[in-house]
file work.pdb (PDB, C-alpha atoms, pLDDT in the B column)
ATOM      1  CA  MET A   1     -25.764-103.717   1.518  1.00 44.00           C
ATOM      2  CA  ALA A   2     -25.856-104.416   5.242  1.00 45.00           C
ATOM      3  CA  ARG A   3     -26.873-101.525   7.469  1.00 48.00           C
ATOM      4  CA  PRO A   4     -24.238-100.265   9.926  1.00 48.00           C
ATOM      5  CA  ARG A   5     -24.739-101.240  13.564  1.00 59.00           C
ATOM      6  CA  THR A   6     -26.410 -98.582  15.659  1.00 71.00           C
ATOM      7  CA  PHE A   7     -25.582-100.024  19.082  1.00 78.00           C
ATOM      8  CA  ASP A   8     -22.549-100.113  21.354  1.00 87.00           C
ATOM      9  CA  GLU A   9     -21.220-103.677  21.194  1.00 89.00           C
ATOM     10  CA  LYS A  10     -19.372-103.442  24.512  1.00 90.00           C
ATOM     11  CA  GLN A  11     -22.440-102.043  26.252  1.00 93.00           C
ATOM     12  CA  VAL A  12     -24.585-104.879  24.906  1.00 93.00           C
ATOM     13  CA  LEU A  13     -22.013-107.483  25.951  1.00 93.00           C
ATOM     14  CA  THR A  14     -21.885-106.018  29.444  1.00 94.00           C
ATOM     15  CA  ALA A  15     -25.666-106.122  29.781  1.00 95.00           C
ATOM     16  CA  VAL A  16     -25.812-109.685  28.476  1.00 96.00           C
ATOM     17  CA  ARG A  17     -22.920-110.723  30.734  1.00 96.00           C
ATOM     18  CA  ASP A  18     -24.727-109.346  33.781  1.00 95.00           C
ATOM     19  CA  GLN A  19     -27.853-111.274  32.837  1.00 96.00           C
ATOM     20  CA  PHE A  20     -25.947-114.563  32.552  1.00 97.00           C
ATOM     21  CA  TRP A  21     -24.092-113.718  35.767  1.00 95.00           C
ATOM     22  CA  ASP A  22     -27.305-113.100  37.712  1.00 93.00           C
ATOM     23  CA  ALA A  23     -29.410-115.946  36.336  1.00 95.00           C
ATOM     24  CA  GLY A  24     -26.994-118.500  34.894  1.00 96.00           C
ATOM     25  CA  TYR A  25     -26.926-119.873  31.374  1.00 97.00           C
ATOM     26  CA  ALA A  26     -29.875-122.263  31.434  1.00 96.00           C
ATOM     27  CA  ALA A  27     -32.233-119.857  33.211  1.00 97.00           C
ATOM     28  CA  THR A  28     -31.517-117.024  30.775  1.00 97.00           C
ATOM     29  CA  SER A  29     -34.022-116.958  27.933  1.00 96.00           C
ATOM     30  CA  LEU A  30     -33.853-115.284  24.545  1.00 94.00           C
ATOM     31  CA  GLU A  31     -36.472-112.846  25.825  1.00 96.00           C
ATOM     32  CA  ASP A  32     -34.152-111.958  28.736  1.00 97.00           C
ATOM     33  CA  LEU A  33     -31.292-111.292  26.322  1.00 96.00           C
ATOM     34  CA  MET A  34     -33.487-109.153  24.086  1.00 95.00           C
ATOM     35  CA  ARG A  35     -34.760-107.208  27.094  1.00 96.00           C
ATOM     36  CA  VAL A  36     -31.347-106.401  28.623  1.00 96.00           C
ATOM     37  CA  SER A  37     -29.662-105.702  25.301  1.00 94.00           C
ATOM     38  CA  GLY A  38     -32.476-103.650  23.810  1.00 93.00           C
ATOM     39  CA  LEU A  39     -32.020-105.567  20.548  1.00 93.00           C
ATOM     40  CA  GLY A  40     -34.391-107.727  18.565  1.00 92.00           C
ATOM     41  CA  LYS A  41     -33.673-111.386  17.934  1.00 91.00           C
ATOM     42  CA  GLY A  42     -32.415-110.773  14.400  1.00 90.00           C
ATOM     43  CA  SER A  43     -30.023-107.998  15.393  1.00 90.00           C
ATOM     44  CA  LEU A  44     -28.765-109.891  18.426  1.00 90.00           C
ATOM     45  CA  TYR A  45     -28.043-113.108  16.571  1.00 88.00           C
ATOM     46  CA  ALA A  46     -26.676-111.353  13.495  1.00 89.00           C
ATOM     47  CA  ALA A  47     -24.125-109.540  15.654  1.00 90.00           C
ATOM     48  CA  PHE A  48     -23.214-112.273  18.136  1.00 90.00           C
ATOM     49  CA  GLY A  49     -24.544-115.614  16.935  1.00 89.00           C
ATOM     50  CA  ASP A  50     -26.868-117.892  18.881  1.00 93.00           C
ATOM     51  CA  LYS A  51     -27.320-117.961  22.662  1.00 95.00           C
ATOM     52  CA  ARG A  52     -24.282-120.156  23.249  1.00 95.00           C
ATOM     53  CA  GLN A  53     -22.005-118.021  21.091  1.00 95.00           C
ATOM     54  CA  LEU A  54     -23.273-114.900  22.821  1.00 95.00           C
ATOM     55  CA  PHE A  55     -22.595-116.496  26.189  1.00 97.00           C
ATOM     56  CA  LEU A  56     -19.046-117.451  25.199  1.00 96.00           C
ATOM     57  CA  ARG A  57     -18.403-113.894  23.977  1.00 95.00           C
ATOM     58  CA  ALA A  58     -19.707-112.523  27.277  1.00 96.00           C
ATOM     59  CA  LEU A  59     -17.596-115.002  29.241  1.00 96.00           C
ATOM     60  CA  ARG A  60     -14.443-114.041  27.336  1.00 96.00           C
ATOM     61  CA  SER A  61     -15.234-110.376  27.940  1.00 95.00           C
ATOM     62  CA  TYR A  62     -15.590-111.106  31.649  1.00 96.00           C
ATOM     63  CA  THR A  63     -12.265-112.924  31.918  1.00 96.00           C
ATOM     64  CA  GLU A  64     -10.432-110.250  29.927  1.00 96.00           C
ATOM     65  CA  ASP A  65     -11.769-107.564  32.278  1.00 95.00           C
ATOM     66  CA  SER A  66     -11.005-109.719  35.323  1.00 95.00           C
ATOM     67  CA  HIS A  67      -7.404-110.287  34.287  1.00 97.00           C
ATOM     68  CA  GLU A  68      -6.920-106.582  33.583  1.00 97.00           C
ATOM     69  CA  ALA A  69      -8.310-105.755  37.034  1.00 95.00           C
ATOM     70  CA  LEU A  70      -6.057-108.399  38.604  1.00 96.00           C
ATOM     71  CA  ARG A  71      -2.965-106.992  36.863  1.00 97.00           C
ATOM     72  CA  LYS A  72      -3.828-103.542  38.157  1.00 96.00           C
ATOM     73  CA  ALA A  73      -4.549-104.732  41.695  1.00 95.00           C
ATOM     74  CA  LEU A  74      -1.284-106.661  41.909  1.00 97.00           C
ATOM     75  CA  SER A  75       0.843-103.804  40.574  1.00 96.00           C
ATOM     76  CA  GLU A  76      -0.571-100.825  42.480  1.00 95.00           C
ATOM     77  CA  PRO A  77       0.629-101.384  46.086  1.00 96.00           C
ATOM     78  CA  PRO A  78       4.271-100.380  46.722  1.00 95.00           C
ATOM     79  CA  ARG A  79       5.150-103.857  47.981  1.00 96.00           C
ATOM     80  CA  ALA A  80       4.037-107.118  46.385  1.00 97.00           C
ATOM     81  CA  LEU A  81       3.174-108.718  49.736  1.00 97.00           C
ATOM     82  CA  ASP A  82       0.572-106.012  50.358  1.00 96.00           C
ATOM     83  CA  ALA A  83      -0.940-106.699  46.941  1.00 97.00           C
ATOM     84  CA  LEU A  84      -1.213-110.402  47.734  1.00 97.00           C
ATOM     85  CA  ARG A  85      -2.920-109.667  51.028  1.00 95.00           C
ATOM     86  CA  LEU A  86      -5.368-107.362  49.282  1.00 93.00           C
ATOM     87  CA  LEU A  87      -6.211-110.251  46.949  1.00 94.00           C
ATOM     88  CA  LEU A  88      -7.668-112.087  49.934  1.00 93.00           C
ATOM     89  CA  ASP A  89      -9.476-108.961  51.134  1.00 88.00           C
ATOM     90  CA  ALA A  90     -11.145-108.337  47.772  1.00 79.00           C
ATOM     91  CA  PRO A  91     -14.210-110.550  48.336  1.00 75.00           C
ATOM     92  CA  ILE A  92     -14.873-108.739  51.620  1.00 76.00           C
ATOM     93  CA  ASP A  93     -14.223-105.207  50.382  1.00 64.00           C
ATOM     94  CA  ASP A  94     -16.906-105.545  47.708  1.00 59.00           C
ATOM     95  CA  PRO A  95     -19.527-107.863  49.210  1.00 48.00           C
ATOM     96  CA  THR A  96     -22.330-106.672  46.939  1.00 52.00           C
ATOM     97  CA  GLY A  97     -20.436-107.598  43.786  1.00 51.00           C
ATOM     98  CA  THR A  98     -19.188-110.929  45.041  1.00 50.00           C
ATOM     99  CA  ARG A  99     -22.579-112.159  46.268  1.00 71.00           C
ATOM    100  CA  ARG A 100     -23.048-113.220  42.640  1.00 82.00           C
ATOM    101  CA  GLY A 101     -19.785-115.126  42.890  1.00 85.00           C
ATOM    102  CA  CYS A 102     -17.313-115.400  40.047  1.00 90.00           C
ATOM    103  CA  LEU A 103     -18.956-115.723  36.631  1.00 94.00           C
ATOM    104  CA  MET A 104     -16.189-118.045  35.476  1.00 95.00           C
ATOM    105  CA  ALA A 105     -16.583-120.318  38.504  1.00 93.00           C
ATOM    106  CA  ASN A 106     -20.381-120.222  38.285  1.00 94.00           C
ATOM    107  CA  SER A 107     -20.266-121.113  34.595  1.00 96.00           C
ATOM    108  CA  THR A 108     -17.775-123.929  35.158  1.00 95.00           C
ATOM    109  CA  CYS A 109     -20.033-125.457  37.818  1.00 94.00           C
ATOM    110  CA  GLU A 110     -23.074-125.173  35.583  1.00 95.00           C
ATOM    111  CA  LEU A 111     -21.612-126.121  32.214  1.00 95.00           C
ATOM    112  CA  GLY A 112     -18.130-127.593  32.673  1.00 90.00           C
ATOM    113  CA  ASN A 113     -19.239-131.226  32.498  1.00 92.00           C
ATOM    114  CA  ALA A 114     -21.414-130.648  29.438  1.00 93.00           C
ATOM    115  CA  ASP A 115     -19.452-128.085  27.436  1.00 95.00           C
ATOM    116  CA  PRO A 116     -15.771-128.808  26.760  1.00 95.00           C
ATOM    117  CA  GLU A 117     -15.237-125.283  25.426  1.00 96.00           C
ATOM    118  CA  VAL A 118     -16.352-123.735  28.721  1.00 96.00           C
ATOM    119  CA  LEU A 119     -14.124-126.142  30.636  1.00 96.00           C
ATOM    120  CA  ALA A 120     -11.131-125.361  28.422  1.00 96.00           C
ATOM    121  CA  HIS A 121     -11.746-121.638  28.833  1.00 97.00           C
ATOM    122  CA  ALA A 122     -11.930-122.066  32.603  1.00 96.00           C
ATOM    123  CA  HIS A 123      -8.609-123.902  32.591  1.00 97.00           C
ATOM    124  CA  ARG A 124      -6.930-121.151  30.560  1.00 97.00           C
ATOM    125  CA  THR A 125      -8.484-118.484  32.770  1.00 97.00           C
ATOM    126  CA  TYR A 126      -7.211-119.968  36.017  1.00 97.00           C
ATOM    127  CA  GLU A 127      -3.792-120.678  34.544  1.00 98.00           C
ATOM    128  CA  THR A 128      -3.491-117.030  33.525  1.00 98.00           C
ATOM    129  CA  SER A 129      -4.636-115.876  36.968  1.00 98.00           C
ATOM    130  CA  THR A 130      -2.137-118.239  38.592  1.00 98.00           C
ATOM    131  CA  ALA A 131       0.690-116.899  36.446  1.00 98.00           C
ATOM    132  CA  LEU A 132      -0.170-113.284  37.304  1.00 98.00           C
ATOM    133  CA  ILE A 133      -0.293-114.041  41.020  1.00 98.00           C
ATOM    134  CA  GLY A 134       2.883-116.133  40.720  1.00 98.00           C
ATOM    135  CA  ASP A 135       4.729-113.144  39.256  1.00 98.00           C
ATOM    136  CA  CYS A 136       3.618-111.093  42.256  1.00 98.00           C
ATOM    137  CA  VAL A 137       4.787-113.827  44.649  1.00 98.00           C
ATOM    138  CA  ALA A 138       8.180-113.834  42.937  1.00 98.00           C
ATOM    139  CA  ARG A 139       8.372-110.059  43.342  1.00 97.00           C
ATOM    140  CA  ALA A 140       7.576-110.386  47.044  1.00 97.00           C
ATOM    141  CA  GLN A 141      10.398-112.922  47.300  1.00 96.00           C
ATOM    142  CA  ARG A 142      12.815-110.531  45.595  1.00 96.00           C
ATOM    143  CA  GLU A 143      11.723-107.812  48.011  1.00 96.00           C
ATOM    144  CA  GLY A 144      12.542-110.099  50.915  1.00 95.00           C
ATOM    145  CA  ASP A 145       8.970-110.351  52.195  1.00 95.00           C
ATOM    146  CA  LEU A 146       8.407-114.039  51.408  1.00 95.00           C
ATOM    147  CA  PRO A 147      10.763-117.013  51.778  1.00 92.00           C
ATOM    148  CA  SER A 148      12.895-117.318  48.668  1.00 91.00           C
ATOM    149  CA  GLY A 149      12.745-121.110  48.587  1.00 90.00           C
ATOM    150  CA  ALA A 150       8.980-121.342  48.098  1.00 90.00           C
ATOM    151  CA  ASP A 151       7.556-122.239  44.677  1.00 97.00           C
ATOM    152  CA  PRO A 152       5.794-119.066  43.428  1.00 98.00           C
ATOM    153  CA  ILE A 153       3.289-120.999  41.310  1.00 98.00           C
ATOM    154  CA  ALA A 154       2.385-123.389  44.133  1.00 98.00           C
ATOM    155  CA  LEU A 155       1.747-120.462  46.471  1.00 98.00           C
ATOM    156  CA  ALA A 156      -0.158-118.627  43.723  1.00 98.00           C
ATOM    157  CA  ARG A 157      -2.483-121.624  43.303  1.00 98.00           C
ATOM    158  CA  ALA A 158      -3.072-121.743  47.055  1.00 98.00           C
ATOM    159  CA  LEU A 159      -3.847-118.019  47.129  1.00 98.00           C
ATOM    160  CA  LEU A 160      -6.216-118.292  44.169  1.00 97.00           C
ATOM    161  CA  ALA A 161      -7.987-121.255  45.782  1.00 97.00           C
ATOM    162  CA  ALA A 162      -8.296-119.297  49.029  1.00 97.00           C
ATOM    163  CA  GLN A 163      -9.625-116.213  47.253  1.00 95.00           C
ATOM    164  CA  GLN A 164     -12.166-118.212  45.250  1.00 94.00           C
ATOM    165  CA  GLY A 165     -13.209-120.003  48.428  1.00 93.00           C
ATOM    166  CA  LEU A 166     -13.930-116.659  50.065  1.00 92.00           C
ATOM    167  CA  VAL A 167     -15.967-115.594  47.037  1.00 89.00           C
ATOM    168  CA  PHE A 168     -17.983-118.801  47.272  1.00 89.00           C
ATOM    169  CA  MET A 169     -18.501-118.400  51.027  1.00 89.00           C
ATOM    170  CA  SER A 170     -19.781-114.875  50.442  1.00 85.00           C
ATOM    171  CA  ARG A 171     -22.523-116.341  48.241  1.00 84.00           C
ATOM    172  CA  THR A 172     -23.841-118.398  51.152  1.00 85.00           C
ATOM    173  CA  GLY A 173     -24.739-115.216  53.019  1.00 82.00           C
ATOM    174  CA  LEU A 174     -21.853-115.414  55.470  1.00 85.00           C
ATOM    175  CA  ASP A 175     -21.584-112.106  57.290  1.00 86.00           C
ATOM    176  CA  THR A 176     -18.814-109.661  56.457  1.00 86.00           C
ATOM    177  CA  ALA A 177     -17.120-109.909  59.859  1.00 90.00           C
ATOM    178  CA  THR A 178     -16.765-113.689  59.568  1.00 92.00           C
ATOM    179  CA  LEU A 179     -15.491-113.400  56.004  1.00 91.00           C
ATOM    180  CA  ALA A 180     -12.929-110.811  57.105  1.00 91.00           C
ATOM    181  CA  ALA A 181     -11.739-113.001  59.978  1.00 94.00           C
ATOM    182  CA  THR A 182     -11.404-115.953  57.602  1.00 95.00           C
ATOM    183  CA  ALA A 183      -9.408-113.840  55.142  1.00 93.00           C
ATOM    184  CA  GLN A 184      -7.091-112.714  57.947  1.00 93.00           C
ATOM    185  CA  SER A 185      -6.554-116.310  59.029  1.00 95.00           C
ATOM    186  CA  LEU A 186      -5.717-117.362  55.485  1.00 96.00           C
ATOM    187  CA  ALA A 187      -3.328-114.440  55.069  1.00 94.00           C
ATOM    188  CA  ALA A 188      -1.566-115.304  58.320  1.00 94.00           C
ATOM    189  CA  GLN A 189      -0.996-118.873  57.134  1.00 94.00           C
ATOM    190  CA  LEU A 190      -0.175-118.239  53.487  1.00 95.00           C
ATOM    191  CA  LEU A 191       1.493-114.821  53.745  1.00 94.00           C
ATOM    192  CA  PRO A 192       3.433-114.542  57.014  1.00 84.00           C
ATOM    193  CA  ASP A 193       4.494-111.204  58.440  1.00 70.00           C
ATOM    194  CA  ARG A 194       7.624-109.713  56.911  1.00 61.00           C
ATOM    195  CA  THR A 195       9.480-110.154  60.163  1.00 55.00           C
ATOM    196  CA  ASP A 196       8.614-113.843  60.161  1.00 49.00           C
ATOM    197  CA  ALA A 197       9.655-114.284  56.542  1.00 42.00           C
ATOM    198  CA  ARG A 198      13.127-112.911  57.061  1.00 44.00           C
TER     199      ARG A 198
END
call {"tool": "encode", "arguments": {"input": "work.pdb", "output": "structure tokens"}}
result
Amino acid sequence: MARPRTFDEKQVLTAVRDQFWDAGYAATSLEDLMRVSGLGKGSLYAAFGDKRQLFLRALRSYTEDSHEALRKALSEPPRALDALRLLLDAPIDDPTGTRRGCLMANSTCELGNADPEVLAHAHRTYETSTALIGDCVARAQREGDLPSGADPIALARALLAAQQGLVFMSRTGLDTATLAATAQSLAAQLLPDRTDAR
């Protein structure tokens, strides 16, 4: 009879996810995964499968957490327009975390051409993010803070592209002040002042 697991699966996935996030897929070795997880090869593979399967599990865990955080961030401010502006500020407010970039974007750049499953997951991830942001845009329109005639999904895609661009720029070592000024410029163009929208 198989022995019960004596480790926290979520904790192991988080440690493994951080390793892939820091080093990338190709540069992460089995020894790295054993070291960060605290598990032997047999236990690691018995619980999660081979390196690729473990990576895909970690990537799904990352996107689930990211979407939950996005839902929370978009729903907390009293007005939707403020939530959308905060979306562009996020890469600047947490520069230490974003210097690693977005794990989904990093993984798509590294593996998207070679691994159709990663590419398909990336597509689903960004479509879900777009839909969540689009709902917030529609709420801002109902609140009278954005023009009612604009396509919420089109604006959501533009906002997501802008936010991901800021995350990427942060990885180049761009200073915080320049990132903040860029975010403000993007917000001014994509999310006009309430008085201008009315």
call {"tool": "closest_residue", "arguments": {"input": "work.pdb", "among": "A:Leu30, A:Met169, A:Leu190, A:Leu87", "to": "Ile133 in chain A", "atoms": "only C-alpha atoms"}}
result
A:Leu87
call {"tool": "closest_residue", "arguments": {"input": "work.pdb", "among": "A:His123, A:Lys41, A:Arg139, A:Arg100", "to": "Asp18 in chain A", "atoms": "all atoms listed in the file"}}
result
A:Arg100
call {"tool": "residues_around", "arguments": {"input": "work.pdb", "residues": "Phe168 in chain A", "least_positions_apart": "4", "cutoff": "10 Å", "atoms": "only C-alpha atoms", "output": "list in words"}}
result
Pro91, Thr98, Arg99, Arg100, Gly101, Cys102, Ala105, Asn106, Ala162, Gln163, Gln164, Thr172, Gly173 and Leu174 of chain A
call {"tool": "resolve_selection", "arguments": {"input": "work.pdb", "expression": "the PyMOL selection byres ((chain A and resi 119-121) around 12)", "output": "PyMOL selection string"}}
result
chain A and resi 56-57+59-64+104-118+122-128
call {"tool": "atom_distance", "arguments": {"input": "work.pdb", "atom1": "CA of Leu186 in chain A", "atom2": "CA of Pro147 in chain A"}}
result
16.9 Å
call {"tool": "resolve_selection", "arguments": {"input": "work.pdb", "expression": "the PyMOL selection byres ((chain A and resi 11-14) around 10)", "output": "PyMOL selection string"}}
result
chain A and resi 7-10+15-20+33-34+36-39+44+48+54-55+57-59+61-62
call {"tool": "residues_around", "arguments": {"input": "work.pdb", "residues": "Leu88 in chain A", "least_positions_apart": "6", "cutoff": "12 Å", "atoms": "all atoms listed in the file", "output": "ChimeraX atom specification"}}
result
/A:73-74,81-82,94,133,156,158-167,179-191
call {"tool": "write_last_selection", "arguments": {"input": "work.pdb", "atoms": "C-alpha atoms", "output": "PDB file, in the frame of the given file"}}
result
ATOM      1  CA  ALA A  73      -4.549-104.732  41.695  1.00 95.00           C
ATOM      2  CA  LEU A  74      -1.284-106.661  41.909  1.00 97.00           C
ATOM      3  CA  LEU A  81       3.174-108.718  49.736  1.00 97.00           C
ATOM      4  CA  ASP A  82       0.572-106.012  50.358  1.00 96.00           C
ATOM      5  CA  ASP A  94     -16.906-105.545  47.708  1.00 59.00           C
ATOM      6  CA  ILE A 133      -0.293-114.041  41.020  1.00 98.00           C
ATOM      7  CA  ALA A 156      -0.158-118.627  43.723  1.00 98.00           C
ATOM      8  CA  ALA A 158      -3.072-121.743  47.055  1.00 98.00           C
ATOM      9  CA  LEU A 159      -3.847-118.019  47.129  1.00 98.00           C
ATOM     10  CA  LEU A 160      -6.216-118.292  44.169  1.00 97.00           C
ATOM     11  CA  ALA A 161      -7.987-121.255  45.782  1.00 97.00           C
ATOM     12  CA  ALA A 162      -8.296-119.297  49.029  1.00 97.00           C
ATOM     13  CA  GLN A 163      -9.625-116.213  47.253  1.00 95.00           C
ATOM     14  CA  GLN A 164     -12.166-118.212  45.250  1.00 94.00           C
ATOM     15  CA  GLY A 165     -13.209-120.003  48.428  1.00 93.00           C
ATOM     16  CA  LEU A 166     -13.930-116.659  50.065  1.00 92.00           C
ATOM     17  CA  VAL A 167     -15.967-115.594  47.037  1.00 89.00           C
ATOM     18  CA  LEU A 179     -15.491-113.400  56.004  1.00 91.00           C
ATOM     19  CA  ALA A 180     -12.929-110.811  57.105  1.00 91.00           C
ATOM     20  CA  ALA A 181     -11.739-113.001  59.978  1.00 94.00           C
ATOM     21  CA  THR A 182     -11.404-115.953  57.602  1.00 95.00           C
ATOM     22  CA  ALA A 183      -9.408-113.840  55.142  1.00 93.00           C
ATOM     23  CA  GLN A 184      -7.091-112.714  57.947  1.00 93.00           C
ATOM     24  CA  SER A 185      -6.554-116.310  59.029  1.00 95.00           C
ATOM     25  CA  LEU A 186      -5.717-117.362  55.485  1.00 96.00           C
ATOM     26  CA  ALA A 187      -3.328-114.440  55.069  1.00 94.00           C
ATOM     27  CA  ALA A 188      -1.566-115.304  58.320  1.00 94.00           C
ATOM     28  CA  GLN A 189      -0.996-118.873  57.134  1.00 94.00           C
ATOM     29  CA  LEU A 190      -0.175-118.239  53.487  1.00 95.00           C
ATOM     30  CA  LEU A 191       1.493-114.821  53.745  1.00 94.00           C
TER      31      LEU A 191
END
call {"tool": "resolve_selection", "arguments": {"input": "work.pdb", "expression": "the PyMOL selection byres ((chain A and resi 140) around 10)", "output": "list of chain:residue names"}}
result
A:Arg79, A:Ala80, A:Leu81, A:Asp82, A:Ala83, A:Leu84, A:Gly134, A:Asp135, A:Cys136, A:Val137, A:Ala138, A:Arg139, A:Gln141, A:Arg142, A:Glu143, A:Gly144, A:Asp145, A:Leu146, A:Pro147, A:Ser148, A:Pro152, A:Arg194
call {"tool": "write_last_selection", "arguments": {"input": "work.pdb", "atoms": "C-alpha atoms", "output": "short mmCIF file (atom, residue, chain, number, x, y, z; two decimals), in the coordinates of the input"}}
result
data_model
loop_
_atom_site.label_atom_id
_atom_site.label_comp_id
_atom_site.auth_asym_id
_atom_site.auth_seq_id
_atom_site.Cartn_x
_atom_site.Cartn_y
_atom_site.Cartn_z
CA ARG A 79 5.15 -103.86 47.98
CA ALA A 80 4.04 -107.12 46.38
CA LEU A 81 3.17 -108.72 49.74
CA ASP A 82 0.57 -106.01 50.36
CA ALA A 83 -0.94 -106.70 46.94
CA LEU A 84 -1.21 -110.40 47.73
CA GLY A 134 2.88 -116.13 40.72
CA ASP A 135 4.73 -113.14 39.26
CA CYS A 136 3.62 -111.09 42.26
CA VAL A 137 4.79 -113.83 44.65
CA ALA A 138 8.18 -113.83 42.94
CA ARG A 139 8.37 -110.06 43.34
CA GLN A 141 10.40 -112.92 47.30
CA ARG A 142 12.82 -110.53 45.60
CA GLU A 143 11.72 -107.81 48.01
CA GLY A 144 12.54 -110.10 50.92
CA ASP A 145 8.97 -110.35 52.20
CA LEU A 146 8.41 -114.04 51.41
CA PRO A 147 10.76 -117.01 51.78
CA SER A 148 12.90 -117.32 48.67
CA PRO A 152 5.79 -119.07 43.43
CA ARG A 194 7.62 -109.71 56.91
#
call {"tool": "atom_distance", "arguments": {"input": "work.pdb", "atom1": "CA of Asp22 in chain A", "atom2": "CA of Ser170 in chain A"}}
result
14.9 Å
call {"tool": "atom_distance", "arguments": {"input": "work.pdb", "atom1": "CA of Arg35 in chain A", "atom2": "CA of Ala47 in chain A"}}
result
15.8 Å
call {"tool": "closest_residue", "arguments": {"input": "work.pdb", "among": "A:Thr176, A:Gly49, A:Leu103, A:Leu155", "to": "Ala90 in chain A", "atoms": "only C-alpha atoms"}}
result
A:Thr176
call {"tool": "closest_residue", "arguments": {"input": "work.pdb", "among": "A:Arg85, A:Ala23, A:Pro78, A:Thr130", "to": "Ala154 in chain A", "atoms": "all atoms listed in the file"}}
result
A:Thr130
call {"tool": "closest_residue", "arguments": {"input": "work.pdb", "among": "A:Gly40, A:Ala69, A:Tyr45, A:Arg52", "to": "Ala26 in chain A", "atoms": "all atoms listed in the file"}}
result
A:Arg52
